[in-house]
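To be precise, the following lines are data_20.tsv, and they hold TSV, C-alpha atoms and all ligand atoms.
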chain	number	residue	atom	x	y	z
A	1	MET	CA	0.00	0.00	0.00
A	2	SER	CA	1.30	3.43	-0.82
A	3	LYS	CA	2.03	6.08	1.74
A	4	ARG	CA	-0.29	9.04	1.20
A	5	LYS	CA	-0.15	12.70	1.99
A	6	GLY	CA	-3.11	14.32	3.78
A	7	LYS	CA	-6.56	14.44	2.23
A	8	SER	CA	-6.94	16.83	-0.71
A	9	SER	CA	-9.81	19.33	-0.88
A	10	ARG	CA	-11.17	17.42	-3.93
A	11	GLU	CA	-11.21	14.20	-1.96
A	12	LEU	CA	-12.94	15.92	0.94
A	13	GLY	CA	-15.47	17.36	-1.53
A	14	LEU	CA	-16.23	13.88	-2.93
A	15	GLU	CA	-16.67	12.48	0.57
A	16	LEU	CA	-19.06	15.28	1.50
A	17	VAL	CA	-21.06	14.70	-1.69
A	18	ALA	CA	-21.22	10.99	-0.82
A	19	ILE	CA	-22.42	11.72	2.73
A	20	CYS	CA	-25.05	14.31	1.74
A	21	GLY	CA	-26.09	12.50	-1.44
A	22	THR	CA	-26.77	9.25	0.37
A	23	HIS	CA	-28.42	10.84	3.37
A	24	PHE	CA	-30.64	13.48	1.77
A	25	PHE	CA	-31.29	12.18	-1.73
A	26	LYS	CA	-30.69	8.42	-1.50
A	27	LEU	CA	-28.04	8.73	-4.21
A	28	GLU	CA	-25.75	5.76	-4.76
A	29	HIS	CA	-23.22	7.24	-7.14
A	30	LEU	CA	-20.85	10.18	-7.47
A	31	HIS	CA	-21.20	10.75	-11.21
A	32	TYR	CA	-23.20	13.28	-13.24
A	33	GLY	CA	-25.90	10.91	-14.42
A	34	TYR	CA	-27.22	10.37	-17.93
A	35	TRP	CA	-30.09	12.76	-18.60
A	36	THR	CA	-32.43	11.56	-21.31
A	37	LEU	CA	-34.96	14.04	-22.76
A	38	ASP	CA	-37.87	12.54	-20.79
A	39	LEU	CA	-36.19	13.45	-17.45
A	40	THR	CA	-36.97	16.92	-16.10
A	41	ILE	CA	-33.81	18.54	-14.75
A	42	ASP	CA	-34.63	18.31	-11.10
A	43	LEU	CA	-32.81	16.99	-8.06
A	44	ALA	CA	-35.61	14.47	-7.62
A	45	ASN	CA	-34.55	12.90	-10.93
A	46	LEU	CA	-30.81	12.71	-10.24
A	47	GLN	CA	-31.06	9.20	-8.83
A	48	LYS	CA	-32.80	8.02	-12.02
A	49	ALA	CA	-30.23	9.83	-14.20
A	50	GLN	CA	-27.42	8.14	-12.27
A	51	GLU	CA	-29.01	4.73	-12.72
A	52	GLN	CA	-29.29	5.41	-16.46
A	53	TYR	CA	-25.60	6.35	-16.60
A	54	THR	CA	-24.58	3.15	-14.80
A	55	ASP	CA	-26.78	1.07	-17.11
A	56	PHE	CA	-25.29	2.87	-20.11
A	57	LEU	CA	-21.75	2.02	-18.94
A	58	ILE	CA	-22.53	-1.61	-18.23
A	59	SER	CA	-24.42	-2.12	-21.49
A	60	ASN	CA	-21.28	-1.03	-23.35
A	61	ILE	CA	-18.96	-3.56	-21.75
A	62	PRO	CA	-17.88	-5.96	-24.49
A	63	ASN	CA	-18.69	-9.67	-24.41
A	64	GLY	CA	-15.94	-11.88	-23.07
A	65	VAL	CA	-15.07	-9.63	-20.13
A	66	ASN	CA	-15.09	-11.52	-16.82
A	67	THR	CA	-12.73	-9.70	-14.50
A	68	SER	CA	-12.70	-5.98	-13.98
A	69	LEU	CA	-10.83	-3.32	-12.05
A	70	ASP	CA	-12.99	-0.35	-11.08
A	71	VAL	CA	-10.59	2.58	-10.69
A	72	GLY	CA	-11.87	5.35	-8.41
A	73	CYS	CA	-14.82	3.22	-7.37
A	74	GLY	CA	-16.40	5.94	-5.20
A	75	THR	CA	-19.24	4.44	-3.20
A	76	GLY	CA	-18.75	1.01	-4.84
A	77	HIS	CA	-22.24	0.83	-6.33
A	78	ILE	CA	-21.06	0.41	-9.93
A	79	ALA	CA	-18.84	-2.47	-8.75
A	80	LYS	CA	-21.82	-3.96	-6.90
A	81	LYS	CA	-23.98	-3.81	-10.02
A	82	LEU	CA	-21.22	-5.49	-12.01
A	83	ILE	CA	-20.83	-8.23	-9.39
A	84	ASP	CA	-24.59	-8.81	-9.41
A	85	LYS	CA	-24.32	-9.32	-13.16
A	86	GLY	CA	-21.65	-12.00	-12.69
A	87	TYR	CA	-18.42	-10.04	-13.18
A	88	LYS	CA	-15.52	-10.44	-10.76
A	89	VAL	CA	-14.56	-6.94	-9.63
A	90	ASP	CA	-11.67	-5.42	-7.70
A	91	CYS	CA	-11.57	-1.73	-6.83
A	92	VAL	CA	-9.07	1.08	-6.48
A	93	SER	CA	-9.77	4.05	-4.27
A	94	PRO	CA	-7.55	6.37	-2.26
A	95	SER	CA	-10.29	7.26	0.22
A	96	PRO	CA	-10.25	5.25	3.48
A	97	PHE	CA	-13.58	6.83	4.35
A	98	LEU	CA	-15.34	5.68	1.17
A	99	ASN	CA	-13.54	2.33	1.23
A	100	GLU	CA	-15.06	1.41	4.56
A	101	ARG	CA	-18.48	1.69	2.93
A	102	VAL	CA	-17.31	-0.17	-0.17
A	103	ARG	CA	-16.01	-3.09	1.92
A	104	THR	CA	-19.36	-3.40	3.68
A	105	LEU	CA	-21.18	-3.25	0.36
A	106	LEU	CA	-19.02	-5.70	-1.58
A	107	GLY	CA	-17.89	-8.12	1.12
A	108	ASP	CA	-14.83	-10.33	0.86
A	109	GLY	CA	-15.18	-11.24	-2.81
A	110	SER	CA	-13.54	-8.04	-4.00
A	111	HIS	CA	-10.13	-6.70	-3.22
A	112	ILE	CA	-9.85	-2.97	-2.63
A	113	TYR	CA	-6.53	-1.36	-3.38
A	114	GLU	CA	-6.53	1.56	-0.97
A	115	SER	CA	-4.26	3.78	-2.98
A	116	VAL	CA	-4.13	6.16	-5.87
A	117	TYR	CA	-4.16	4.21	-9.14
A	118	GLU	CA	-0.77	5.56	-10.16
A	119	GLN	CA	0.86	3.73	-7.26
A	120	ILE	CA	-0.72	0.31	-7.22
A	121	ARG	CA	1.56	-2.62	-7.99
A	122	THR	CA	0.14	-6.10	-8.36
A	123	ASP	CA	0.61	-9.31	-10.30
A	124	CYS	CA	-3.11	-9.51	-11.06
A	125	LYS	CA	-4.45	-9.07	-14.56
A	126	TYR	CA	-7.91	-7.98	-15.60
A	127	ASP	CA	-10.10	-8.16	-18.71
A	128	LEU	CA	-11.31	-4.62	-18.16
A	129	VAL	CA	-9.98	-1.50	-16.45
A	130	LEU	CA	-12.83	0.90	-15.84
A	131	PHE	CA	-12.64	4.61	-15.13
A	132	SER	CA	-16.07	6.03	-14.42
A	133	GLU	CA	-15.57	9.75	-13.95
A	134	SER	CA	-12.24	9.07	-12.27
A	135	PHE	CA	-9.82	9.47	-15.17
A	136	GLN	CA	-9.75	13.25	-14.68
A	137	TYR	CA	-8.04	12.71	-11.29
A	138	VAL	CA	-5.16	10.52	-12.41
A	139	ASN	CA	-1.83	11.29	-14.00
A	140	MET	CA	-2.50	10.16	-17.57
A	141	GLU	CA	0.94	8.75	-18.40
A	142	GLN	CA	1.22	6.74	-15.20
A	143	ALA	CA	-2.36	5.53	-15.46
A	144	LEU	CA	-1.95	4.37	-19.06
A	145	GLN	CA	1.26	2.54	-18.34
A	146	ASN	CA	-0.36	0.83	-15.35
A	147	THR	CA	-3.38	-0.12	-17.43
A	148	GLU	CA	-1.22	-1.63	-20.16
A	149	GLU	CA	0.46	-3.81	-17.53
A	150	LEU	CA	-2.72	-4.75	-15.69
A	151	LEU	CA	-4.75	-5.81	-18.70
A	152	ASN	CA	-4.92	-9.34	-20.02
A	153	LYS	CA	-4.14	-9.93	-23.68
A	154	GLY	CA	-7.08	-8.47	-25.63
A	155	GLY	CA	-8.37	-6.68	-22.52
A	156	TYR	CA	-10.23	-3.37	-22.56
A	157	LEU	CA	-9.76	0.11	-21.17
A	158	LEU	CA	-13.04	1.94	-20.60
A	159	ILE	CA	-12.98	5.65	-19.78
A	160	CYS	CA	-16.17	7.62	-19.29
A	161	ASP	CA	-15.31	11.14	-18.21
A	162	VAL	CA	-15.07	14.87	-18.78
A	163	PHE	CA	-12.35	16.29	-21.02
A	164	LYS	CA	-11.42	19.88	-21.87
A	165	VAL	CA	-12.08	20.83	-25.47
A	166	ASN	CA	-9.38	22.40	-27.54
A	167	THR	CA	-10.06	26.11	-27.12
A	168	SER	CA	-7.91	29.02	-26.04
A	169	VAL	CA	-10.81	30.38	-23.94
A	170	THR	CA	-11.16	28.73	-20.58
A	171	GLY	CA	-14.14	28.86	-18.31
A	172	VAL	CA	-13.96	28.87	-14.53
A	173	MET	CA	-14.89	25.20	-14.51
A	174	GLY	CA	-11.95	22.98	-13.62
A	175	GLY	CA	-11.71	19.27	-14.18
A	176	GLY	CA	-10.82	17.02	-17.06
A	177	HIS	CA	-7.69	16.42	-19.06
A	178	LYS	CA	-7.28	18.13	-22.43
A	179	LEU	CA	-8.92	15.92	-25.05
A	180	ASN	CA	-6.26	16.48	-27.71
A	181	LYS	CA	-3.45	15.77	-25.23
A	182	PHE	CA	-5.17	12.54	-24.19
A	183	GLN	CA	-5.70	11.43	-27.79
A	184	ASP	CA	-2.09	12.23	-28.71
A	185	LEU	CA	-0.88	10.26	-25.72
A	186	MET	CA	-2.96	7.23	-26.66
A	187	THR	CA	-0.93	6.89	-29.86
A	188	HIS	CA	2.09	5.95	-27.69
A	189	TYR	CA	0.34	3.01	-26.08
A	190	PRO	CA	-0.79	-0.31	-27.54
A	191	PHE	CA	-4.49	0.43	-27.56
A	192	GLU	CA	-6.92	0.38	-30.44
A	193	LEU	CA	-10.00	2.61	-30.29
A	194	VAL	CA	-13.21	0.59	-30.34
A	195	LYS	CA	-15.79	3.23	-29.39
A	196	ASN	CA	-15.82	6.99	-28.94
A	197	LEU	CA	-19.25	8.27	-27.89
A	198	ASP	CA	-19.92	11.91	-27.11
A	199	ILE	CA	-22.41	12.10	-24.22
A	200	THR	CA	-21.94	15.79	-23.38
A	201	ALA	CA	-25.61	16.54	-24.06
A	202	GLN	CA	-26.75	13.81	-21.68
A	203	THR	CA	-24.40	14.78	-18.83
A	204	ALA	CA	-24.39	18.60	-19.05
A	205	PRO	CA	-27.79	19.02	-17.27
A	206	ASN	CA	-26.08	18.02	-14.02
A	207	LEU	CA	-24.29	21.39	-14.12
A	208	ASP	CA	-27.57	23.30	-14.08
A	209	LEU	CA	-28.61	21.31	-11.03
A	210	PHE	CA	-25.33	22.12	-9.32
A	211	ASP	CA	-25.64	25.78	-10.28
A	212	SER	CA	-29.15	26.03	-8.90
A	213	MET	CA	-28.07	24.34	-5.62
A	214	MET	CA	-25.24	26.83	-5.25
A	215	LYS	CA	-27.48	29.82	-5.97
A	216	ASN	CA	-30.54	28.72	-4.04
A	217	VAL	CA	-29.06	26.79	-1.13
A	218	ALA	CA	-25.34	27.37	-0.59
A	219	ALA	CA	-25.25	31.14	-1.28
A	220	PRO	CA	-28.20	32.10	0.98
A	221	ALA	CA	-26.95	29.74	3.73
A	222	LEU	CA	-23.51	31.32	3.54
A	223	GLU	CA	-24.94	34.84	3.54
A	224	ALA	CA	-27.12	34.13	6.58
A	225	SER	CA	-24.11	32.72	8.46
A	226	ILE	CA	-21.93	35.69	7.54
A	227	ASP	CA	-24.70	38.04	8.62
A	228	TYR	CA	-24.99	36.30	11.95
A	229	LEU	CA	-21.23	36.34	12.54
A	230	SER	CA	-20.93	39.97	11.46
A	231	ASN	CA	-23.49	41.03	14.03
A	232	ARG	CA	-22.10	38.92	16.84
A	233	TYR	CA	-18.40	39.25	16.23
A	234	ARG	CA	-18.17	42.48	14.32
A	235	LEU	CA	-14.40	43.02	14.53
A	236	MET	CA	-13.48	39.42	13.87
A	237	ALA	CA	-15.82	39.28	10.83
A	238	LYS	CA	-14.32	42.50	9.44
A	239	PHE	CA	-10.83	41.11	9.88
A	240	LEU	CA	-11.70	37.80	8.21
A	241	ARG	CA	-13.36	39.58	5.25
A	242	TRP	CA	-10.23	41.68	4.78
A	243	LYS	CA	-7.80	38.76	5.26
A	244	TYR	CA	-9.64	36.38	2.89
A	245	LYS	CA	-10.88	38.99	0.39
A	246	LYS	CA	-9.27	37.32	-2.62
A	247	GLN	CA	-10.40	33.82	-1.66
A	248	ILE	CA	-13.96	35.05	-1.09
A	249	GLU	CA	-13.99	36.78	-4.49
A	250	ARG	CA	-12.61	33.65	-6.14
A	251	MET	CA	-15.27	31.50	-4.50
A	252	HIS	CA	-17.98	33.86	-5.74
A	253	THR	CA	-16.69	33.80	-9.30
A	254	LYS	CA	-16.29	30.05	-9.25
A	255	TYR	CA	-19.48	28.93	-7.59
A	256	PHE	CA	-22.05	31.72	-7.38
A	257	ASP	CA	-21.75	33.67	-10.65
A	258	GLY	CA	-23.58	31.09	-12.74
A	259	LYS	CA	-20.48	30.17	-14.72
A	260	ARG	CA	-20.78	26.47	-14.00
A	261	SER	CA	-23.90	26.00	-16.06
A	262	ALA	CA	-24.78	23.36	-18.66
A	263	GLU	CA	-24.26	26.01	-21.34
A	264	ASP	CA	-20.67	26.67	-20.21
A	265	PHE	CA	-20.04	22.95	-19.84
A	266	ARG	CA	-21.05	22.39	-23.47
A	267	LYS	CA	-18.71	25.22	-24.52
A	268	TYR	CA	-15.57	24.20	-22.66
A	269	LYS	CA	-15.96	20.49	-21.97
A	270	THR	CA	-16.77	17.29	-23.71
A	271	TYR	CA	-17.98	14.19	-21.89
A	272	ARG	CA	-16.76	11.05	-23.64
A	273	PHE	CA	-17.21	7.33	-23.47
A	274	PHE	CA	-14.01	5.76	-24.77
A	275	LEU	CA	-13.48	2.04	-25.19
A	276	TYR	CA	-10.01	0.83	-26.16
A	277	LYS	CA	-8.77	-2.70	-26.77
A	278	LYS	CA	-5.24	-3.69	-25.82
A	279	VAL	CA	-3.35	-4.82	-28.90
A	280	TYR	CA	0.20	-5.95	-29.47
A	281	PRO	CA	2.41	-3.05	-30.48
A	282	ILE	CA	4.04	-3.34	-33.90
A	283	PHE	CA	7.09	-1.65	-32.42
A	284	PRO	CA	8.14	-1.60	-28.75
A	285	CYS	CA	6.06	1.12	-27.17
A	286	THR	CA	7.78	3.92	-25.35
A	287	SER	CA	7.33	3.63	-21.63
A	288	ILE	CA	6.99	7.19	-20.52
A	289	VAL	CA	7.01	6.39	-16.81
A	290	LYS	CA	9.65	4.29	-15.11
A	291	ASN	CA	8.50	1.28	-13.09
A	292	HIS	CA	8.22	1.83	-9.37
A	293	LYS	CA	9.92	-0.78	-7.22
A	294	GLU	CA	7.15	-1.46	-4.77
A	295	PRO	CA	6.01	-4.87	-3.55
A	296	ALA	CA	3.03	-6.40	-5.34
A	297	LEU	CA	-0.34	-6.21	-3.61
A	298	SER	CA	-2.78	-9.08	-3.43
A	299	CYS	CA	-6.08	-9.17	-5.31
A	300	SER	CA	-9.11	-11.37	-5.75
A	301	THR	CA	-8.29	-12.68	-9.24
A	302	LEU	CA	-5.02	-14.51	-8.52
A	401	LIG	C1	-16.35	11.55	-9.27
A	401	LIG	S1	-15.89	10.15	-8.32
A	401	LIG	C2	-16.51	8.83	-9.32
A	401	LIG	C3	-16.86	7.65	-8.48
A	401	LIG	C4	-17.46	6.46	-9.23
A	401	LIG	N1	-16.54	5.90	-10.18
A	401	LIG	C5	-18.76	6.84	-9.89
A	401	LIG	O1	-18.81	6.84	-11.12
A	401	LIG	O2	-19.71	7.13	-9.17
A	401	LIG	C6	-14.13	10.05	-8.54
A	401	LIG	C7	-13.47	8.91	-7.80
A	401	LIG	O3	-12.08	8.87	-8.14
A	401	LIG	C8	-11.32	8.62	-6.97
A	401	LIG	N2	-9.95	9.09	-7.20
A	401	LIG	C9	-9.46	10.35	-7.13
A	401	LIG	N3	-8.15	10.36	-7.41
A	401	LIG	C10	-7.79	9.07	-7.69
A	401	LIG	C11	-6.57	8.44	-8.06
A	401	LIG	N4	-5.46	9.14	-8.25
A	401	LIG	N5	-6.57	7.10	-8.24
A	401	LIG	C12	-7.70	6.38	-8.09
A	401	LIG	N6	-8.90	6.93	-7.75
A	401	LIG	C13	-8.94	8.26	-7.57
A	401	LIG	C14	-12.09	9.33	-5.87
A	401	LIG	O4	-11.75	8.85	-4.59
A	401	LIG	C15	-13.52	8.99	-6.29
A	401	LIG	O5	-13.89	7.75	-5.78
Let me see the file written as structure tokens.
Ligand SMILES: C[S@@+](CC[C@H](N)C(=O)[O-])C[C@H]1O[C@@H](n2cnc3c(N)ncnc32)[C@H](O)[C@@H]1O
Amino acid sequence: MSKRKGKSSRELGLELVAICGTHFFKLEHLHYGYWTLDLTIDLANLQKAQEQYTDFLISNIPNGVNTSLDVGCGTGHIAKKLIDKGYKVDCVSPSPFLNERVRTLLGDGSHIYESVYEQIRTDCKYDLVLFSESFQYVNMEQALQNTEELLNKGGYLLICDVFKVNTSVTGVMGGGHKLNKFQDLMTHYPFELVKNLDITAQTAPNLDLFDSMMKNVAAPALEASIDYLSNRYRLMAKFLRWKYKKQIERMHTKYFDGKRSAEDFRKYKTYRFFLYKKVYPIFPCTSIVKNHKEPALSCSTL
């Protein structure tokens, strides 16, 4: 197991989404969901949209796949669905908090690598390596080299995630590797493209939901708290406003100015389903990352 630094703010964010999502909205997943035209864009429909996304992913897994590695498994519910369908699934997740839930959900049949994907070392091989909205978090070179090593002959790499489109204008929305950089990189690895589906239209509505939550829930709640503090601790509140002026402005621009909408998402991002098959390279492929010398971890497929 790799040694890890402290929790990142992104990781904390995902854990908070998992806690609130499960508790308040009975959500099982951490992804955007797949919004078909019959679904009104409403929080009440997010659960359905997420189920549709998971079904979409699973329906696109090629025949012949038996063993799978779910990278960035989140709450573990995609892995659970796969297991219920007869696949053998191991998981990778750096979050001890989420992993405790995943262990309870999946039981002993699945091995969980509690680590970032870039650092796992194992002798196990899989028919499929799956990234469901988790590819944006990994170092691409390291992840691709790992995937090449972890896949069985003829195995598949499935990535369903946000990418940045090739434009000089950037929105305030972070997240996602550059699409052209990813596609260039793929030419250095022994993978053949099987499917490239653009599902930006079906995932973008999630951004409008997020935007409306920020405007209608988070912003008023924050304002009320600031109001309360300003009245009670006048001097302290003044000092904090002055000290964190830039951060407060940045937070407003990022979250409360309506710049994380579906419209902006469609402008600056593209949400893709990519399926690649591992093939034998005609020439020795360039290993961009050197092998780490860490002991192999166990797994459930050995
Ligand atoms: C947006 S969530 C997606 C969760 C799940 N796959 C789903 O579709 O609901 C991103 C996941 O990636 C994980 N993650 C972040 N950085 C990672 C890394 N370097 N290696 C592996 N997983 C990572 C997070 O802990 C989280 O579980």
Q) From the list A:Ser230, A:Ser93, A:Gln142, A:Thr36, which residue is nearest ligand LIG 401 (chain A) when using only C-alpha atoms and all ligand atoms? A)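 Among the listed residues, the smallest separation from ligand LIG 401 (chain A) belongs to A:Ser93.
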Q: Take atom C2 of ligand LIG 401 (chain A) and CA of Leu57 (chain A) and report the distance between them in Å, one decimal.
A: 12.9 Å
Q: Please indicate the distance in Å from CA of Ser132 (chain A) to CA of Val89 (chain A), rounded to one decimal place.
A: 13.9 Å
(Q) Can you pull out every residue with an atom within 7 Å of ligand LIG 401 (chain A)? Use all atoms listed in the file and format it as a list in words. (A)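 Answer in the requested format: Glu11, Leu14, His29, Leu30, His31, Val71, Gly72, Cys73, Gly74, Thr75, Ile78, Val92, Ser93, Pro94, Ser95, Ser115, Val116, Tyr117, Glu118, Phe131, Ser132, Glu133, Ser134, Tyr137 and Val138 of chain A.
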Q: Would you list the contacts of region 278-280 of chain A as a VMD selection string, taking every protein, DNA or RNA residue within 9 Å and counting only C-alpha atoms, but skipping same-chain residues closer than 5 positions in sequence?
A: chain A and resid 148 151 to 157 189 to 192
Q: May I ask which of the residues A:Glu249, A:Asp127, A:Glu28, A:Asp42 is the closest one to Lys80 (chain A), counting all atoms listed in the file?
A: A:Glu28
**Q.** A:Ile248, A:Leu144, A:Leu197, A:Val17 ranked by distance to Leu222 (chain A), top pick (using all atoms listed in the file)
**A.**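 Among the listed residues, the smallest separation from Leu222 (chain A) belongs to A:Ile248.
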